[in-house]
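Structure first, then comments.
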Amino acid sequence: MGMTEAILLTVFTAATPLLIAAMGELVAERSGVLNLGVEGMMIMGAIGGFAFAQMSGNPYVGALGGMVIGALFSLLFAFLAVTLVTNQVATGLALTILGLGLSGLWGEAFVGVPGVKLQPIVVPVLSEIPLIGRLLFAQDALFYVSIALVFAVSWFLFRTKGGLILRSVGDNHHSAHALGISVSRVRYLAVMFGGACAGLAGSHLSLVYTTQWIENMTAGRGWIALALVVFASWRPWRILFGAYLFGAITIMQLHIQALNLGDLEFLPGPVYGIMALLKSIPAQFLSSLPYLATIAVLVLISRNRRLTLINTPAMLGRGFVPDR
């Protein structure tokens with residue numbers, strides 16, 4: 001395997017959980033619910049996936065378990081934010097803190113325990129194609145699920161009656177209610193779908209990315225997934241691009257930290273100088289690059305009011321009470 005292929009493979013691995021979690025959050029936000037608890041649901045999915053894989057010895061059972069744990073955890077958020085109409089921002093932050101605490105408590109028994117890895121699915125013949133064969137046809141099942149989610153969510157939102165109903169609830173829940181649509185039911189289903197995706201994304205971390213349980217192993221990926229939805233202007237295909245862009249930034253800083261300048265002396269002087277400059281940057285700063293990029297993107301987007309209003313669900317973050 002060449003260096004380029006190896007780097008691209010790690011980018012794909014880093015982008016997959018971001019893509020899955022962001023697609024789930026997209027559906028929740030399109031229904032008008034701002035779920036800031038994605039980070040907490042991801043970490044619960046990570047420990048859930050690891051625990052179920054350990055108990056069953058089957059990584060697919062682990063992935064399913066992580067997805068179910070994420071969906072159940074999101075039910076708590078839906079009950080508070082949709083039924084009790086609590087502040088969605090405060091509720092989401094509380095769920096994130098709760099998820100981080102519960103996962104640490106649950107995962108204490110699994111620290112240092114070897115995990116069960118989700119093995120790649122190799123497609124015969126196609127996987128032998130130079131470069132793209134290993135990238136596209138020799139990946140784990142969750143990679144294929146992430147790509148399928150982009151097609152499925154895009155088709156559902158813009159080609160089906162259910163997608164039209166969901167978007168109408170997110171754009172004007174009073175009008176949707178007047179038409180006989182159950183706003184609460186639509187939002188419950190959307191939030192549960194988002195929670196299931198967040199849980200599945202978390203299980204990817206503990207079954208593919210590291211194959212072990214590490215406390216706080218999501219490391220802010222839930223927040224990046226939230227930012228990706230805004231970055232993509234609530235469009236599924238733009239999330240695909242954004243996830244791989246942020247995945248590349250994440251991997252780039254790891255490769256720069258591991259760079260051996262002695263192996264690059266064959267490079268032209270200016271190129272070698274740039275590599276040496278990057279190598280001299282403190283590792284702590286390089287590690288923060290994905291989060292700095294997230295902040296930079298959000299600041300740039302928020303400066304353009306017209307851009308932020310495109311596709312933004314009008315009822316996003318606003319609770320619905322039928323009598324009002």
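All residue names refer to the structure tokens as shown: chains lettered A, B, ... in order, residues numbered from 1 in each chain, ligands numbered from 1 in order.
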Exercise for review: Find the spatial neighbours of range 227-233 of chain A, counting only C-alpha atoms, within a cut-off of 6 Å - ignore same-chain residues fewer than 5 positions away - and output them as a VMD selection string.
Suggested key: chain A and resid 26 238 to 239
Exercise for review: Please give the complete set of residues from range 76-250 of chain A that DSSP, run on the backbone, assigns to strand (DSSP E or B), formatted as number ranges by chain.
Suggested key: A: 121-122, 138-139
Excluding range 34-46 of chain A and residues on its chain fewer than 3 positions from it, collect all residues at most 6 Å away from it, counting only C-alpha atoms, and give them as a PDB file with N, CA, C and O atoms, in the first residue's frame.
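The result, written out as part_6.pdb:
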```
ATOM      1  N   GLU A  29     -32.719  18.567  12.890  1.00  0.00           N
ATOM      2  CA  GLU A  29     -32.829  20.019  12.748  1.00  0.00           C
ATOM      3  C   GLU A  29     -33.833  20.411  11.668  1.00  0.00           C
ATOM      4  O   GLU A  29     -34.479  21.452  11.756  1.00  0.00           O
ATOM      5  N   GLY A  49     -21.650   0.274  22.015  1.00  0.00           N
ATOM      6  CA  GLY A  49     -21.152  -0.600  20.961  1.00  0.00           C
ATOM      7  C   GLY A  49     -20.042  -1.499  21.456  1.00  0.00           C
ATOM      8  O   GLY A  49     -20.002  -2.697  21.141  1.00  0.00           O
ATOM      9  N   GLY A  66     -24.951  -0.039  19.930  1.00  0.00           N
ATOM     10  CA  GLY A  66     -24.622   1.379  20.023  1.00  0.00           C
ATOM     11  C   GLY A  66     -25.709   2.252  19.429  1.00  0.00           C
ATOM     12  O   GLY A  66     -26.046   3.309  19.969  1.00  0.00           O
ATOM     13  N   ILE A  69     -28.684   2.241  21.880  1.00  0.00           N
ATOM     14  CA  ILE A  69     -28.377   3.064  23.054  1.00  0.00           C
ATOM     15  C   ILE A  69     -28.516   4.549  22.708  1.00  0.00           C
ATOM     16  O   ILE A  69     -29.084   5.351  23.463  1.00  0.00           O
ATOM     17  N   GLY A  70     -27.998   4.930  21.532  1.00  0.00           N
ATOM     18  CA  GLY A  70     -28.114   6.327  21.099  1.00  0.00           C
ATOM     19  C   GLY A  70     -29.566   6.742  20.931  1.00  0.00           C
ATOM     20  O   GLY A  70     -29.962   7.845  21.328  1.00  0.00           O
ATOM     21  N   GLY A  92     -29.899  20.118  25.589  1.00  0.00           N
ATOM     22  CA  GLY A  92     -28.858  19.413  24.839  1.00  0.00           C
ATOM     23  C   GLY A  92     -27.526  19.422  25.570  1.00  0.00           C
ATOM     24  O   GLY A  92     -26.832  18.398  25.628  1.00  0.00           O
ATOM     25  N   LEU A  93     -27.173  20.561  26.133  1.00  0.00           N
ATOM     26  CA  LEU A  93     -25.914  20.640  26.881  1.00  0.00           C
ATOM     27  C   LEU A  93     -25.948  19.726  28.101  1.00  0.00           C
ATOM     28  O   LEU A  93     -24.961  19.056  28.421  1.00  0.00           O
ATOM     29  N   LEU A  95     -27.697  16.975  28.400  1.00  0.00           N
ATOM     30  CA  LEU A  95     -27.597  15.578  27.935  1.00  0.00           C
ATOM     31  C   LEU A  95     -26.157  15.219  27.564  1.00  0.00           C
ATOM     32  O   LEU A  95     -25.718  14.081  27.788  1.00  0.00           O
ATOM     33  N   THR A  96     -25.415  16.172  27.023  1.00  0.00           N
ATOM     34  CA  THR A  96     -24.008  15.912  26.705  1.00  0.00           C
ATOM     35  C   THR A  96     -23.211  15.642  27.974  1.00  0.00           C
ATOM     36  O   THR A  96     -22.430  14.677  28.053  1.00  0.00           O
ATOM     37  N   GLY A  99     -24.243  12.259  29.327  1.00  0.00           N
ATOM     38  CA  GLY A  99     -23.683  11.166  28.533  1.00  0.00           C
ATOM     39  C   GLY A  99     -22.212  10.938  28.831  1.00  0.00           C
ATOM     40  O   GLY A  99     -21.756   9.793  28.949  1.00  0.00           O
ATOM     41  N   LEU A 100     -21.454  12.020  28.969  1.00  0.00           N
ATOM     42  CA  LEU A 100     -20.028  11.883  29.280  1.00  0.00           C
ATOM     43  C   LEU A 100     -19.833  11.228  30.642  1.00  0.00           C
ATOM     44  O   LEU A 100     -18.955  10.374  30.824  1.00  0.00           O
ATOM     45  N   SER A 103     -21.134   7.396  30.497  1.00  0.00           N
ATOM     46  CA  SER A 103     -20.233   6.534  29.718  1.00  0.00           C
ATOM     47  C   SER A 103     -18.957   6.233  30.507  1.00  0.00           C
ATOM     48  O   SER A 103     -18.424   5.119  30.437  1.00  0.00           O
ATOM     49  N   ALA A 198     -26.205   9.074  15.880  1.00  0.00           N
ATOM     50  CA  ALA A 198     -25.113   9.469  16.777  1.00  0.00           C
ATOM     51  C   ALA A 198     -24.538   8.244  17.492  1.00  0.00           C
ATOM     52  O   ALA A 198     -23.317   8.111  17.637  1.00  0.00           O
ATOM     53  N   GLY A 199     -25.431   7.342  17.935  1.00  0.00           N
ATOM     54  CA  GLY A 199     -24.962   6.117  18.587  1.00  0.00           C
ATOM     55  C   GLY A 199     -24.156   5.240  17.650  1.00  0.00           C
ATOM     56  O   GLY A 199     -23.122   4.667  18.038  1.00  0.00           O
ATOM     57  N   GLY A 202     -20.809   6.727  17.213  1.00  0.00           N
ATOM     58  CA  GLY A 202     -19.964   6.440  18.379  1.00  0.00           C
ATOM     59  C   GLY A 202     -19.425   5.018  18.353  1.00  0.00           C
ATOM     60  O   GLY A 202     -18.253   4.774  18.690  1.00  0.00           O
ATOM     61  N   SER A 203     -20.266   4.061  17.942  1.00  0.00           N
ATOM     62  CA  SER A 203     -19.809   2.669  17.892  1.00  0.00           C
ATOM     63  C   SER A 203     -18.712   2.489  16.849  1.00  0.00           C
ATOM     64  O   SER A 203     -17.853   1.609  16.981  1.00  0.00           O
ATOM     65  N   SER A 206     -15.377   2.983  18.600  1.00  0.00           N
ATOM     66  CA  SER A 206     -14.879   1.915  19.481  1.00  0.00           C
ATOM     67  C   SER A 206     -14.766   0.561  18.784  1.00  0.00           C
ATOM     68  O   SER A 206     -14.188  -0.369  19.348  1.00  0.00           O
ATOM     69  N   THR A 218     -14.838  10.406  22.108  1.00  0.00           N
ATOM     70  CA  THR A 218     -15.424  11.180  21.004  1.00  0.00           C
ATOM     71  C   THR A 218     -14.643  12.474  20.776  1.00  0.00           C
ATOM     72  O   THR A 218     -14.584  12.975  19.653  1.00  0.00           O
ATOM     73  N   GLY A 222     -18.826  15.206  18.245  1.00  0.00           N
ATOM     74  CA  GLY A 222     -20.253  15.554  18.203  1.00  0.00           C
ATOM     75  C   GLY A 222     -20.460  17.024  17.885  1.00  0.00           C
ATOM     76  O   GLY A 222     -21.367  17.393  17.130  1.00  0.00           O
ATOM     77  N   GLY A 317     -35.042  25.240  16.989  1.00  0.00           N
ATOM     78  CA  GLY A 317     -34.795  25.595  18.384  1.00  0.00           C
ATOM     79  C   GLY A 317     -36.002  26.138  19.113  1.00  0.00           C
ATOM     80  O   GLY A 317     -35.901  26.487  20.292  1.00  0.00           O
TER      81      GLY A 317
END
```
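Using only C-alpha atoms for every distance, the candidate list A:Leu286, A:Leu240, A:Leu278, A:Met217 yields A:Leu240 as the residue closest to Ser154 in chain A.
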Review point. Which one is closest to Arg318 in chain A: A:Gln139, A:Gln54, A:Asn87, A:Ser288? Count only C-alpha atoms.
Key: A:Asn87
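Using only C-alpha atoms, the nearest neighbour of Met67 in chain A within the list A:Ala276, A:Ala196, A:Trp223, A:Ala152 is A:Ala196.
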Review point. Using only C-alpha atoms, which residue out of A:Ala190, A:Gln88, A:Thr13, A:Gln257 lies closest to Pro282 in chain A?
Key: A:Gln257
Exercise for review: Tell me, as a PyMOL selection string, which residues lie within 7 Å of Ser74 in chain A, counting only C-alpha atoms; anything in the same chain fewer than 6 positions away does not count.
Suggested key: chain A and resi 191-192+195
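If you look at CA of Ala14 in chain A and CA of Ala94 in chain A, they are 26.5 Å away from each other.
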Review point. Residues of range 53-176 of chain A in alpha helix (DSSP H) according to DSSP, as a PyMOL selection string?
Key: chain A and resi 53-56+59-78+88-107+132-137+141-159+161-171+173-176
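All residues of protein, DNA or RNA that reach within 12 Å of Ile147 in chain A, judged by only C-alpha atoms and not counting those fewer than 4 positions away in the chain, are Phe12, Ala15, Thr16, Pro17, Leu18, Leu19, Ile20, Met23, Leu136, Gln139, Asp140, Ala141, Leu142, Phe143, Phe151, Ala152, Val153, Ser154, Pro236, Trp237, Ile239, Leu240, Phe241, Ala243 and Tyr244 of chain A.
When only C-alpha atoms are used to compute distances to Trp213 in chain A, the closest of the residues A:Gly48, A:Pro130, A:Pro120, A:Pro322 turns out to be A:Gly48.
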